[in-house]
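Scroll down for the structure; my scribbles are underneath it.
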Amino acid sequence: MSPIWDLPDPHADAALPSRAVAALLDVALSPSSADALLRAVQTVVPVDYLSLVRLRSDRPELVEGSASRPQERAVVAQCFGIYRRHYYRRDAILPLAHQLTGRPGREGVALHCRADQLPDAGWRADIYERERLTDRFTLMHVPAPGQVQVIHLYRDERQGRFLPQEVERLLGLAPLLRQAHAAAWRTGAALADRACRVEDGERRLQRLAPSLSARERAVCARIALGLSADGIAADLDVAPSTVITLRKRAYLKLADAGLPSQRLGLARLLN
């Protein structure tokens, strides 16, 4: 049976290389969480592949994948496709996911599984033997209610199996890795929520103030969410002076239409 560990809270006196800490701090700001997490792990233990997976209604979804050799990045997606079509129901992570969601105080779990321990010979042949994978180290956590997130780390024959001392180092890194991934997830969720709210605000403005141009609607929708001129400029990839000009034009048109023409009024109108 594959060993399973509960993940504790990070210890203040945990000894990690400074480069590992720096890499973990970069995760939430990186355009690719998978790449950033892989870099952080590799400061402690060599890893060939990393995949980020979420579980929804007992079905896994691949969020992102990374590889130590960028030309092999497609291996993650190809293997996941086979896994999801044929084998995920045999995976031990499913009952563990139920345990995590059923125990809100549980921080997370880690699972180490060797290729020769897989319960299905087809799974071994179609994925592990085909890609010469030796084992998988998995971290699971729940950054928000009902949101089971999974980090899979894989080694292949070039690196060999995870040694006991390497597993210990991964377990030492795991609590901080979980926190870094949770921060990246929250950042992504917040950005996705903001994008939806901006889109909804633009649709409302198009209906309420058809005289506004597309760029003026984009600026006003972001003003309603509390973004500054500099923040809107960065979001739209324009100069702050352009945002100020668009804002002035939009406010005049809104006033002519009898609609609110300042930040608080827009916030009440669109939120």
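Each chain in the structure tokens gets a letter, A, B, ..., in the order shown, and its residues are numbered from 1; ligands are numbered from 1 in order too.
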
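The list of residues with at least one atom within 10 Å of Arg84 of chain A, based on only C-alpha atoms and without residues fewer than 4 positions apart in the same chain, reads A:Arg59, A:Pro60, A:Glu61, A:Leu62, A:Cys79, A:Phe80, A:Tyr88, A:Arg89.
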
Write out, as CSV, each residue of segment 65-98 of chain A that has an atom at most 12 Å from segment 40-44 of chain A, together with the closest pair of atoms and their distance in Å to one decimal, counting only C-alpha atoms, rows going by chain and rising number.
residue,atom,partner,partner_atom,distance
A:Ser66,CA,A:Val41,CA,11.9
A:Ala67,CA,A:Gln42,CA,11.0
A:Ser68,CA,A:Gln42,CA,8.8

Item checked: Contacts of Asp237 of chain A within 12 Å, only C-alpha atoms, excl. fewer than 6 positions in-chain, as a PyMOL selection string -> chain A and resi 215+218-219+229-231+243

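Separating atom CA of Pro210 of chain A from atom CA of Lys248 of chain A is a distance of 16.4 Å.
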
Fewer than 6 positions away in the same chain doesn't count, so skip those; otherwise give me all residues within 8 Å of Ala267 of chain A, counting only C-alpha atoms, as a PDB file with N, CA, C and O atoms, in the first residue's frame.
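Just written: part-v5.pdb:
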ATOM      1  N   ILE A 223     -13.347  51.223 -13.479  1.00  0.00           N
ATOM      2  CA  ILE A 223     -13.502  52.254 -12.457  1.00  0.00           C
ATOM      3  C   ILE A 223     -14.522  51.799 -11.409  1.00  0.00           C
ATOM      4  O   ILE A 223     -14.322  51.972 -10.204  1.00  0.00           O
ATOM      5  N   ALA A 224     -15.610  51.181 -11.870  1.00  0.00           N
ATOM      6  CA  ALA A 224     -16.660  50.712 -10.955  1.00  0.00           C
ATOM      7  C   ALA A 224     -16.142  49.658  -9.990  1.00  0.00           C
ATOM      8  O   ALA A 224     -16.673  49.502  -8.892  1.00  0.00           O
ATOM      9  N   LEU A 225     -15.090  48.927 -10.386  1.00  0.00           N
ATOM     10  CA  LEU A 225     -14.510  47.907  -9.512  1.00  0.00           C
ATOM     11  C   LEU A 225     -13.432  48.467  -8.601  1.00  0.00           C
ATOM     12  O   LEU A 225     -12.841  47.725  -7.810  1.00  0.00           O
ATOM     13  N   GLY A 226     -13.161  49.769  -8.716  1.00  0.00           N
ATOM     14  CA  GLY A 226     -12.209  50.400  -7.809  1.00  0.00           C
ATOM     15  C   GLY A 226     -10.786  50.478  -8.328  1.00  0.00           C
ATOM     16  O   GLY A 226      -9.883  50.854  -7.578  1.00  0.00           O
TER      17      GLY A 226
END

Q) Between A:Leu246, A:Ala125, A:Val109, A:Leu133, which is the closest to Trp5 of chain A once you count only C-alpha atoms? A)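 Distance minimum relative to Trp5 of chain A lands on A:Val109.
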
Q. Given the choices A:His141, A:Arg249, A:Arg56, A:Arg39, which gets closest to Arg178 of chain A if the distance is worked out from only C-alpha atoms?
A.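 Smallest distance to Arg178 of chain A is found for A:His141.
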
So that I can check the surroundings of Glu166 of chain A, please list as JSON, numbers by chain every protein, DNA and RNA residue that reaches within 9 Å of it, counting only C-alpha atoms and ignoring chain neighbours fewer than 3 positions away.
{"A": [44, 45, 46, 162, 163, 169, 170, 171]}

Q | In segment 47-270 of chain A, DSSP helix (DSSP H, G or I) residues written as a VMD selection string | A | chain A and resid 70 to 72 74 to 90 93 to 102 115 to 117 121 to 129 164 to 208 214 to 224 229 to 236 240 to 256 263 to 270

Give the strand (DSSP E or B) residues of segment 63-114 of chain A, as DSSP finds them on the backbone, and put them as a PDB file with C-alpha atoms, in the first residue's frame.
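Saved file part.pdb follows:
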ATOM      1  CA  VAL A  63      -5.125  22.811 -14.959  1.00  0.00           C
ATOM      2  CA  GLU A  64      -1.525  23.065 -16.083  1.00  0.00           C
ATOM      3  CA  GLY A  65       1.573  20.956 -16.612  1.00  0.00           C
ATOM      4  CA  SER A  66       5.310  21.496 -16.621  1.00  0.00           C
ATOM      5  CA  ALA A  67       8.448  19.511 -17.466  1.00  0.00           C
ATOM      6  CA  VAL A 109      -2.267  15.003   2.482  1.00  0.00           C
ATOM      7  CA  ALA A 110       0.758  13.620   0.657  1.00  0.00           C
ATOM      8  CA  LEU A 111       0.877  10.292  -1.151  1.00  0.00           C
ATOM      9  CA  HIS A 112       3.849   8.443  -2.650  1.00  0.00           C
ATOM     10  CA  CYS A 113       3.079   5.783  -5.245  1.00  0.00           C
ATOM     11  CA  ARG A 114       5.600   3.674  -7.171  1.00  0.00           C
TER      12      ARG A 114
END

**Prompt:** Near Arg204 of chain A, within 10 Å and counting only C-alpha atoms, which residues show up once chain neighbours fewer than 4 positions away are dropped, as a PyMOL selection string?
**Reply:** chain A and resi 198-200+208-210+217+221+269-270

Shortest contact to Ser2 of chain A, candidates A:Ser32, A:Ser211, A:Gln117, A:Thr245, atoms counted only C-alpha atoms, goes to A:Gln117

One decimal place gives the atom CA of Leu264 of chain A-atom CA of Ser228 of chain A separation as 13.0 Å

| query | So what do you get for atom CA of Arg19 of chain A versus atom CA of Glu157 of chain A, distance-wise? | reply |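 So the two atoms, atom CA of Arg19 of chain A and atom CA of Glu157 of chain A, lie 26.2 Å apart.
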